[in-house]
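Right, one structure below, let's go through it.
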Amino acid sequence: MSEAVKEKRYVGVKETVLYGVANGGQVIGYNLVRAQLTFFFVTVFGVPAEAVTMMVFITGLWDAFNDPLMGSVIDRTRTRYGKLRPFLIFVPIPLAISTIFLFGGAEFLSGVESNAVKIIYMYITYFIWEFFYTIGDVPFWGLSAAISPSPADRSAAITSARFISNIIGGITNALIPVFIDLSKNNIIGWNMKQVFLFMGILAGTVGMGLFSLAGLFTKERVVQSNQEPSFIDCFKYLFSNKPLLLIVLANILATVEGISGTFSQYYYTFSLGIASLSLVAGIPGTVTGFLTYLFIPWFEKRLSSKQIVIGCSLANAALATIVFLIGAKFYTNPAVIVPLLAVQGIFTSIISSLKMVVPTKMIGDTVDYMEWKSGERNEGITFSLLTFISKITGSFSTGIATAIMPIIGLQNINDELVLMDSGVNTRFWLWALITAIPAILGLIALIPYKFYDLDGEKLETIHREIKIHRENRTKAATARHGSEE
C-alpha cells in the first residue's frame, strides 16, 4: 500500500489480542456445531438423517431472512456504547444456555424413544441457538470494520481473531476424536450422550466467558452518522453494494468444499479404524497454520486480495487431486494415509489461514466502498452477510453430506451409524469426499471474482478519498461547535 493511504494506528496490542481471544471463545461452540452437527443428531441423538437434512435446509432459508434483518437492526442502533458493542455485552449468557441445551438433548431425553419428540427438541434448540448466535456473530465481525479507520488495524484485528480462534476454538476438534475412542473402549465410563453434554457445557461456559471480552474490552472508533437508516434503506444498500454481493455469491458457490470436514471423522472411524488419528495427521498442519498468520502482511504487500483468494483456490484443488491419486490404492492403510494427510495438512493450513483473513478483510473494504459511494457505513447489514455465508455454507454442506451418507452406504441403525453391505465401496468414496471432490467442485466459486474490481489502485484511491472526507468532516464539526459557543 502506498504511503498516501497509510493511516494512523489506533488499536493497541491488548485490545487486538482480547478481540482474538473473544473470537476463540465463540468458535468453541461454532466448531462444535459446524463439525459435529450431523454426527451428534444422527449418531448420538438418533434423529433420522432425512429429518436433519430437512431442518438444515429450513434453517438455511431462515438465515437468508434472519441475518440481514439482524444487520439492519444493528445499523439502526445508536447508543453511547456504539451500535455493535451493546449486542456483544448482552448475548453471551443466552447463547451459553442455548449451547448447553442443544448438545445436552441426547442425555436429557435419554429415555425417550419417540422420533417425533427428538425432532421437535432438535428444531427448537437449534433454532434458538441460531438466533442467539446471529445476535453475537454479526456485531462481532462488524466490529472488525468499526474498531479503527486504519486498514492496518483492521487487518491485525481480523488476523488476531482468526489466529487465536484456531488455538482456542480448536479445543472441540481435538477433544471429540479422543473422547470417541475413550468412550468406545469404555475407558472413561461416559457414553457418547454424556460426552456431548460435557462438550456443550464446555462451549457454553468457557467459550461464552471468553466471548464476553469482545463487548467489555473493545471500542468502536469509526463514527457513525447521527441519522438512523430505515429498514428499507438498509436493504437498498445491500443490493447496491456490487463487490459485497460478488463475495457472497462466491462463498455460496464454495459450499461444497465444507463437506470434506463432515466426512473426515467418518473416514478416520470407518476406513482407518481410529478416530484420534485425525489429531496425529493434523499436528504438522496446525503448527504451519499458526506460523502462516505471521506472514500474512508479507503476502498482502506482494499480492492483491483478489489474487490471494484465486491462488488459494487453485492451489487447494491441485493439491487435493494429487493427494487423492497417491492414496487411491492405500486409502485403508494408516501407515500410508496418515503421513500423506499430514503432508497435505502443511500446505492446506497455509491456504486456510490466508482464506480465513483475506476475504473477511475484503468485506470490510466493501463497507469503505459504500461510505465512499453514499456517505453511509453499514457494518451491521454488511457483516450479517458474513454470518449468513458462514451459516449457510455450514448448513448446506452439512445437509449435502447428510443426504450423501445413505448413497455411499452409511446408515443409522438403532442410534448407531454403520456401513451397509450395499455394493458401494464406502471407504473409497469417503477418501474421495475428504480430498479431491470438494476441492475440485469448489473451483466454481472463482467465477464471481472475474467481475470483482474493488482491488489495487481503485481501493487505494477510495481509502485516500475517504481519509480526506473524514478530515474535512471533522474540521467542519469543530468549526460548527466553535461558532455555537
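Going by the C-alpha cells order, chains are called A, B, ..., each with residues numbered from 1, while ligands are numbered from 1 in the order shown.
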
Find the spatial neighbours of segment 41-47 of chain A, counting only C-alpha atoms, within a cut-off of 10 Å - ignore same-chain residues fewer than 3 positions away - and output them as a compact mmCIF listing (two decimals) with N, CA and C atoms, in the first residue's frame.
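Resulting contents of selection11.txt:
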# COMPACT_ATOMS: atom_id res chain seq x y z
N GLN A 36 -19.77 -31.19 14.12
CA GLN A 36 -20.37 -32.35 14.77
C GLN A 36 -21.89 -32.41 14.67
N LEU A 37 -22.52 -31.48 13.97
CA LEU A 37 -23.98 -31.42 13.96
C LEU A 37 -24.60 -32.71 13.43
N THR A 38 -24.14 -33.16 12.27
CA THR A 38 -24.68 -34.40 11.69
C THR A 38 -24.37 -35.59 12.58
N GLU A 50 -32.81 -38.00 7.33
CA GLU A 50 -33.67 -37.19 6.47
C GLU A 50 -34.23 -35.99 7.21
N ALA A 51 -34.54 -36.18 8.50
CA ALA A 51 -35.08 -35.07 9.30
C ALA A 51 -34.01 -34.01 9.53
N VAL A 52 -32.76 -34.44 9.73
CA VAL A 52 -31.67 -33.49 9.92
C VAL A 52 -31.45 -32.69 8.64
N LEU A 102 -28.70 -27.47 23.54
CA LEU A 102 -28.60 -28.10 22.23
C LEU A 102 -27.85 -29.42 22.30
N PHE A 103 -26.66 -29.42 22.90
CA PHE A 103 -25.85 -30.62 22.93
C PHE A 103 -26.12 -31.52 24.14
N GLY A 104 -26.98 -31.05 25.02
CA GLY A 104 -27.40 -31.91 26.13
C GLY A 104 -28.66 -32.69 25.83
N GLY A 105 -29.26 -32.45 24.65
CA GLY A 105 -30.54 -33.06 24.33
C GLY A 105 -30.54 -34.57 24.37
N ALA A 106 -29.49 -35.19 23.84
CA ALA A 106 -29.44 -36.66 23.81
C ALA A 106 -29.43 -37.24 25.22
N GLU A 107 -28.77 -36.56 26.15
CA GLU A 107 -28.74 -37.04 27.54
C GLU A 107 -30.02 -36.68 28.26
N LEU A 109 -32.95 -36.39 27.07
CA LEU A 109 -34.04 -37.22 26.56
C LEU A 109 -33.58 -38.67 26.37
N SER A 110 -32.66 -39.11 27.21
CA SER A 110 -32.05 -40.44 27.03
C SER A 110 -33.07 -41.57 27.12
N GLU A 113 -37.92 -42.65 23.26
CA GLU A 113 -37.75 -43.41 22.03
C GLU A 113 -38.42 -42.75 20.83
N SER A 114 -39.35 -41.85 21.08
CA SER A 114 -40.13 -41.24 20.00
C SER A 114 -39.28 -40.33 19.12
N ASN A 115 -39.23 -40.63 17.82
CA ASN A 115 -38.51 -39.76 16.88
C ASN A 115 -39.15 -38.39 16.79
N ALA A 116 -40.48 -38.34 16.92
CA ALA A 116 -41.18 -37.06 16.83
C ALA A 116 -40.72 -36.11 17.93
N VAL A 117 -40.59 -36.63 19.16
CA VAL A 117 -40.15 -35.80 20.28
C VAL A 117 -38.71 -35.32 20.05
N LYS A 118 -37.87 -36.22 19.57
CA LYS A 118 -36.48 -35.85 19.30
C LYS A 118 -36.39 -34.77 18.22
N ILE A 119 -37.18 -34.93 17.19
CA ILE A 119 -37.15 -33.94 16.09
C ILE A 119 -37.63 -32.59 16.56
N MET A 122 -34.92 -31.07 18.60
CA MET A 122 -33.84 -30.63 17.71
C MET A 122 -34.17 -29.28 17.07
N ASN A 191 -20.89 -42.50 28.06
CA ASN A 191 -21.36 -42.81 26.72
C ASN A 191 -21.30 -41.54 25.87
N MET A 192 -21.63 -41.66 24.58
CA MET A 192 -21.48 -40.51 23.69
C MET A 192 -22.46 -39.39 24.02
N LYS A 193 -23.60 -39.73 24.61
CA LYS A 193 -24.55 -38.69 25.02
C LYS A 193 -23.94 -37.82 26.11
N GLN A 194 -23.26 -38.45 27.04
CA GLN A 194 -22.62 -37.70 28.13
C GLN A 194 -21.41 -36.92 27.63
N VAL A 195 -20.71 -37.48 26.65
CA VAL A 195 -19.58 -36.76 26.06
C VAL A 195 -20.05 -35.44 25.45
N PHE A 196 -21.15 -35.48 24.71
CA PHE A 196 -21.62 -34.25 24.05
C PHE A 196 -22.27 -33.28 25.04
N THR A 402 -25.19 -35.07 4.77
CA THR A 402 -26.19 -35.97 5.36
C THR A 402 -26.98 -36.70 4.28
N GLN A 411 -25.51 -45.81 7.12
CA GLN A 411 -26.90 -45.84 7.56
C GLN A 411 -26.97 -45.85 9.07
N ASN A 412 -27.94 -45.11 9.64
CA ASN A 412 -28.15 -45.10 11.08
C ASN A 412 -29.12 -46.22 11.46
N ILE A 413 -28.66 -47.17 12.27
CA ILE A 413 -29.49 -48.28 12.72
C ILE A 413 -29.40 -48.37 14.24
N ASN A 414 -30.57 -48.24 14.89
CA ASN A 414 -30.62 -48.32 16.36
C ASN A 414 -29.65 -47.33 17.00
N ASP A 415 -29.70 -46.07 16.53
CA ASP A 415 -28.86 -44.98 17.06
C ASP A 415 -27.37 -45.23 16.87
N GLU A 416 -27.00 -46.04 15.88
CA GLU A 416 -25.59 -46.29 15.59
C GLU A 416 -25.37 -46.24 14.09
N LEU A 417 -24.38 -45.45 13.67
CA LEU A 417 -24.07 -45.33 12.25
C LEU A 417 -23.21 -46.51 11.83
N VAL A 418 -23.64 -47.23 10.81
CA VAL A 418 -22.92 -48.43 10.38
C VAL A 418 -22.73 -48.40 8.87

Residues of segment 305-435 of chain A in alpha helix (DSSP H) according to DSSP, as number ranges by chain?
-> A: 305-327, 334-374, 379-404, 426-434

List every residue of segment 288-464 of chain A that DSSP, applied to the backbone of this structure, assigns to strand (DSSP E or B), and report them as a list in words.
->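 Selection result, strand (DSSP E or B) within segment 288-464 of chain A: Leu410, Gln411, Asn412, Ile413, Glu416, Leu417, Val418 and Leu419 of chain A.
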
Could you save those same residues with N, CA and C atoms as a tab-separated table (two decimals), in the first residue's frame?
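Okay, this is what ended up in again-v1.tsv:
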chain	number	residue	atom	x	y	z
A	410	LEU	N	-23.66	-45.43	4.23
A	410	LEU	CA	-23.67	-45.14	5.67
A	410	LEU	C	-25.12	-45.03	6.12
A	411	GLN	N	-25.51	-45.81	7.12
A	411	GLN	CA	-26.90	-45.84	7.56
A	411	GLN	C	-26.97	-45.85	9.07
A	412	ASN	N	-27.94	-45.11	9.64
A	412	ASN	CA	-28.15	-45.10	11.08
A	412	ASN	C	-29.12	-46.22	11.46
A	413	ILE	N	-28.66	-47.17	12.27
A	413	ILE	CA	-29.49	-48.28	12.72
A	413	ILE	C	-29.40	-48.37	14.24
A	416	GLU	N	-27.00	-46.04	15.88
A	416	GLU	CA	-25.59	-46.29	15.59
A	416	GLU	C	-25.37	-46.24	14.09
A	417	LEU	N	-24.38	-45.45	13.67
A	417	LEU	CA	-24.07	-45.33	12.25
A	417	LEU	C	-23.21	-46.51	11.83
A	418	VAL	N	-23.64	-47.23	10.81
A	418	VAL	CA	-22.92	-48.43	10.38
A	418	VAL	C	-22.73	-48.40	8.87
A	419	LEU	N	-21.75	-49.21	8.40
A	419	LEU	CA	-21.53	-49.38	6.97
A	419	LEU	C	-22.43	-50.49	6.47

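Compared by their closest atoms to Leu314 of chain A, and using only C-alpha atoms, the residues A:Leu441, A:Val91, A:Ile168, A:Ile58 rank with A:Leu441 nearest.
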
How close does segment 3-64 of chain A get to segment 140-147 of chain A? List, as a Markdown table, each residue of segment 3-64 of chain A within 9 Å, its nearest atom pair and the distance in Å to one decimal, counting only C-alpha atoms.
| residue | atom | partner | partner_atom | distance |
| --- | --- | --- | --- | --- |
| A:Tyr10 | CA | A:Ile147 | CA | 8.5 |
| A:Val11 | CA | A:Ile147 | CA | 7.5 |
| A:Tyr19 | CA | A:Phe140 | CA | 8.9 |
| A:Asn23 | CA | A:Phe140 | CA | 8.2 |

With N, CA, C and O atoms retained, write the just-selected residues as a PDB file, in the first residue's frame.
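Once written, result_34.pdb looks like this:
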ATOM      1  N   TYR A  10      -4.647   3.056  15.745  1.00  0.00           N
ATOM      2  CA  TYR A  10      -5.482   3.408  16.891  1.00  0.00           C
ATOM      3  C   TYR A  10      -5.618   2.276  17.908  1.00  0.00           C
ATOM      4  O   TYR A  10      -5.910   2.520  19.065  1.00  0.00           O
ATOM      5  N   VAL A  11      -5.450   1.044  17.489  1.00  0.00           N
ATOM      6  CA  VAL A  11      -5.750  -0.114  18.336  1.00  0.00           C
ATOM      7  C   VAL A  11      -4.464  -0.705  18.890  1.00  0.00           C
ATOM      8  O   VAL A  11      -3.558  -1.061  18.135  1.00  0.00           O
ATOM      9  N   TYR A  19      -9.656  -9.106  21.405  1.00  0.00           N
ATOM     10  CA  TYR A  19     -10.624  -9.323  20.322  1.00  0.00           C
ATOM     11  C   TYR A  19     -10.458 -10.736  19.755  1.00  0.00           C
ATOM     12  O   TYR A  19     -11.431 -11.436  19.472  1.00  0.00           O
ATOM     13  N   ASN A  23     -13.068 -14.134  19.980  1.00  0.00           N
ATOM     14  CA  ASN A  23     -13.483 -14.972  18.859  1.00  0.00           C
ATOM     15  C   ASN A  23     -13.160 -16.440  19.120  1.00  0.00           C
ATOM     16  O   ASN A  23     -13.938 -17.332  18.756  1.00  0.00           O
TER      17      ASN A  23
END

Near Ser397 of chain A, counting only C-alpha atoms, which residues have an atom at most 12 Å away, once you skip same-chain residues fewer than 2 positions from it, shown as a short mmCIF file (atom, residue, chain, number, x, y, z; two decimals) with N, CA and C atoms, in the first residue's frame?
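File around_6.cif, as written:
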data_model
loop_
_atom_site.label_atom_id
_atom_site.label_comp_id
_atom_site.auth_asym_id
_atom_site.auth_seq_id
_atom_site.Cartn_x
_atom_site.Cartn_y
_atom_site.Cartn_z
N ARG A 34 -20.56 -26.78 13.71
CA ARG A 34 -20.17 -26.93 12.30
C ARG A 34 -19.67 -28.34 11.99
N ALA A 35 -18.80 -28.87 12.85
CA ALA A 35 -18.18 -30.16 12.56
C ALA A 35 -18.96 -31.36 13.07
N LEU A 37 -22.52 -31.48 13.97
CA LEU A 37 -23.98 -31.42 13.96
C LEU A 37 -24.60 -32.71 13.43
N THR A 38 -24.14 -33.16 12.27
CA THR A 38 -24.68 -34.40 11.69
C THR A 38 -24.37 -35.59 12.58
N THR A 53 -31.47 -33.38 7.50
CA THR A 53 -31.30 -32.70 6.22
C THR A 53 -32.39 -31.64 6.02
N VAL A 56 -31.81 -28.60 8.31
CA VAL A 56 -30.70 -27.77 7.83
C VAL A 56 -31.16 -26.92 6.64
N PHE A 57 -31.97 -27.49 5.76
CA PHE A 57 -32.49 -26.74 4.61
C PHE A 57 -33.40 -25.60 5.07
N GLY A 60 -31.43 -22.85 6.61
CA GLY A 60 -30.77 -22.03 5.59
C GLY A 60 -31.69 -20.97 5.03
N ASN A 251 -18.81 -17.26 -2.11
CA ASN A 251 -18.78 -18.12 -0.92
C ASN A 251 -19.91 -19.15 -0.92
N ILE A 252 -21.07 -18.76 -1.41
CA ILE A 252 -22.18 -19.73 -1.51
C ILE A 252 -21.83 -20.83 -2.50
N LEU A 253 -21.21 -20.45 -3.62
CA LEU A 253 -20.82 -21.45 -4.61
C LEU A 253 -19.75 -22.40 -4.06
N ALA A 254 -19.01 -21.93 -3.07
CA ALA A 254 -17.95 -22.76 -2.47
C ALA A 254 -18.48 -23.68 -1.36
N THR A 255 -19.79 -23.72 -1.18
CA THR A 255 -20.38 -24.51 -0.10
C THR A 255 -19.91 -25.94 -0.10
N VAL A 256 -19.79 -26.54 -1.27
CA VAL A 256 -19.46 -27.96 -1.35
C VAL A 256 -18.11 -28.29 -0.72
N GLU A 257 -17.21 -27.30 -0.62
CA GLU A 257 -15.91 -27.56 -0.01
C GLU A 257 -16.04 -28.01 1.44
N GLY A 258 -17.13 -27.57 2.10
CA GLY A 258 -17.29 -27.88 3.52
C GLY A 258 -17.61 -29.33 3.82
N ILE A 259 -18.02 -30.11 2.81
CA ILE A 259 -18.40 -31.50 3.11
C ILE A 259 -17.20 -32.34 3.50
N SER A 260 -16.00 -31.92 3.12
CA SER A 260 -14.81 -32.69 3.48
C SER A 260 -14.66 -32.78 4.99
N GLY A 261 -14.98 -31.68 5.69
CA GLY A 261 -14.88 -31.68 7.15
C GLY A 261 -15.89 -32.61 7.80
N THR A 262 -17.09 -32.68 7.22
CA THR A 262 -18.13 -33.56 7.77
C THR A 262 -17.74 -35.02 7.63
N PHE A 263 -17.18 -35.39 6.48
CA PHE A 263 -16.84 -36.80 6.23
C PHE A 263 -15.51 -37.21 6.84
N ILE A 389 -23.15 -16.15 5.25
CA ILE A 389 -22.29 -17.02 4.46
C ILE A 389 -21.79 -18.19 5.30
N SER A 390 -21.30 -17.86 6.49
CA SER A 390 -20.75 -18.89 7.37
C SER A 390 -21.78 -19.95 7.71
N LYS A 391 -22.98 -19.50 8.06
CA LYS A 391 -24.02 -20.45 8.47
C LYS A 391 -24.63 -21.18 7.28
N ILE A 392 -24.84 -20.47 6.17
CA ILE A 392 -25.47 -21.10 5.03
C ILE A 392 -24.55 -22.14 4.41
N THR A 393 -23.25 -21.82 4.33
CA THR A 393 -22.32 -22.81 3.79
C THR A 393 -22.16 -23.98 4.75
N GLY A 394 -22.13 -23.68 6.07
CA GLY A 394 -22.06 -24.77 7.05
C GLY A 394 -23.30 -25.63 7.02
N SER A 395 -24.47 -24.99 6.97
CA SER A 395 -25.72 -25.73 6.96
C SER A 395 -25.89 -26.54 5.69
N GLY A 399 -26.07 -30.44 5.22
CA GLY A 399 -27.22 -31.06 4.57
C GLY A 399 -26.83 -31.93 3.40
N ILE A 400 -25.89 -31.44 2.57
CA ILE A 400 -25.42 -32.23 1.43
C ILE A 400 -24.76 -33.52 1.91
N ALA A 401 -23.90 -33.38 2.94
CA ALA A 401 -23.20 -34.56 3.47
C ALA A 401 -24.19 -35.56 4.04
N THR A 402 -25.19 -35.07 4.77
CA THR A 402 -26.19 -35.97 5.36
C THR A 402 -26.98 -36.70 4.28
N ALA A 403 -27.28 -35.99 3.19
CA ALA A 403 -28.02 -36.61 2.09
C ALA A 403 -27.17 -37.65 1.36
N ILE A 404 -25.86 -37.43 1.31
CA ILE A 404 -24.96 -38.35 0.61
C ILE A 404 -24.74 -39.64 1.40
N LEU A 433 -14.23 -38.03 -0.86
CA LEU A 433 -15.01 -36.92 -0.31
C LEU A 433 -14.23 -36.08 0.70
N PRO A 438 -14.51 -32.30 -3.12
CA PRO A 438 -14.91 -30.95 -2.67
C PRO A 438 -14.04 -29.85 -3.25
N GLY A 442 -15.32 -26.99 -5.80
CA GLY A 442 -15.27 -25.66 -5.22
C GLY A 442 -14.69 -24.60 -6.14
#

Name the residues in contact with Gly456 of chain A at a cut-off of 10 Å, using only C-alpha atoms, excluding same-chain residues fewer than 5 positions from it; report them as a compact mmCIF listing (two decimals) with C-alpha atoms, in the first residue's frame.
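Once written, result.txt looks like this:
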# COMPACT_ATOMS: atom_id res chain seq x y z
CA MET A 1 0.00 0.00 0.00
CA LEU A 303 -0.40 -9.76 -3.92
CA SER A 304 -3.82 -8.17 -4.03
CA SER A 305 -6.66 -9.71 -2.02
CA LYS A 306 -8.29 -10.99 -5.19
CA THR A 461 -7.95 5.71 -4.20

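Interatomic distance, atom CA of Leu454 of chain A to atom CA of Leu385 of chain A: 17.6 Å.
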
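Nearest to Tyr293 of chain A of all the residues A:Ala318, A:Val222, A:Val13, A:Val357 is A:Val357, counting only C-alpha atoms.
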
Got a sec: who's within 10 Å of segment 424-428 of chain A, counting only C-alpha atoms, leaving out chain neighbours fewer than 6 positions off, as a ChimeraX atom specification?
-> /A:266-268,270-272,327-332,405-410

Of the candidates A:Ala96, A:Ala156, A:Leu182, A:Val338, which shows the shortest atom-to-atom distance to Trp129 of chain A, using only C-alpha atoms?
->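 Result for the nearest residue to Trp129 of chain A: A:Ala96.
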
Which residues come within 7 Å of Phe324 of chain A, counting only C-alpha atoms, excluding same-chain residues fewer than 4 positions away, as an MDAnalysis selection string?
-> chainID A and resid 320 328 432 435:436

Could you dump the residues just selected with all heavy atoms as a short mmCIF file (atom, residue, chain, number, x, y, z; two decimals), in the first residue's frame?
data_model
loop_
_atom_site.label_atom_id
_atom_site.label_comp_id
_atom_site.auth_asym_id
_atom_site.auth_seq_id
_atom_site.Cartn_x
_atom_site.Cartn_y
_atom_site.Cartn_z
N ALA A 320 -5.27 -31.26 -3.52
CA ALA A 320 -6.22 -32.31 -3.14
C ALA A 320 -6.29 -33.42 -4.18
O ALA A 320 -6.42 -34.60 -3.84
CB ALA A 320 -7.61 -31.70 -2.93
N ALA A 328 -5.09 -43.40 -3.63
CA ALA A 328 -6.21 -44.16 -4.18
C ALA A 328 -6.09 -45.67 -3.95
O ALA A 328 -7.10 -46.37 -3.91
CB ALA A 328 -6.35 -43.87 -5.67
N ALA A 432 -12.44 -40.10 -1.37
CA ALA A 432 -12.65 -39.08 -2.40
C ALA A 432 -13.33 -37.84 -1.84
O ALA A 432 -13.05 -36.70 -2.25
CB ALA A 432 -13.47 -39.67 -3.54
N THR A 435 -10.93 -35.49 0.01
CA THR A 435 -9.79 -34.99 -0.76
C THR A 435 -10.25 -34.25 -2.02
O THR A 435 -10.56 -33.07 -1.97
CB THR A 435 -8.83 -36.14 -1.12
OG1 THR A 435 -9.57 -37.20 -1.78
CG2 THR A 435 -8.15 -36.70 0.12
N ALA A 436 -10.32 -34.95 -3.15
CA ALA A 436 -10.44 -34.29 -4.45
C ALA A 436 -11.81 -33.69 -4.75
O ALA A 436 -11.90 -32.57 -5.26
CB ALA A 436 -10.06 -35.27 -5.55
#

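With only C-alpha atoms as the atoms that count, the minimum distance from Ala157 of chain A to the choices A:Leu459, A:Val343, A:Ala22, A:Leu325 is reached by A:Ala22.
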
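Distances to Ser384 of chain A were evaluated for A:Ile363, A:Leu61, A:Ile164, A:Ala152 using only C-alpha atoms, and the minimum falls at A:Ile363.
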
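In this structure, atom CA of Ala203 of chain A sits 24.0 Å away from atom CA of Asn186 of chain A.
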
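Here the question is which of A:Ile322, A:Val138, A:Ile124, A:Leu216 gets nearest to Tyr81 of chain A using only C-alpha atoms, and that residue is A:Leu216.
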
Quick one: residues within 7 Å of Glu379 of chain A, only C-alpha atoms counted, chain neighbours fewer than 2 positions away excluded, as a PyMOL selection string?
-> chain A and resi 75+142+145+367+377+381-383
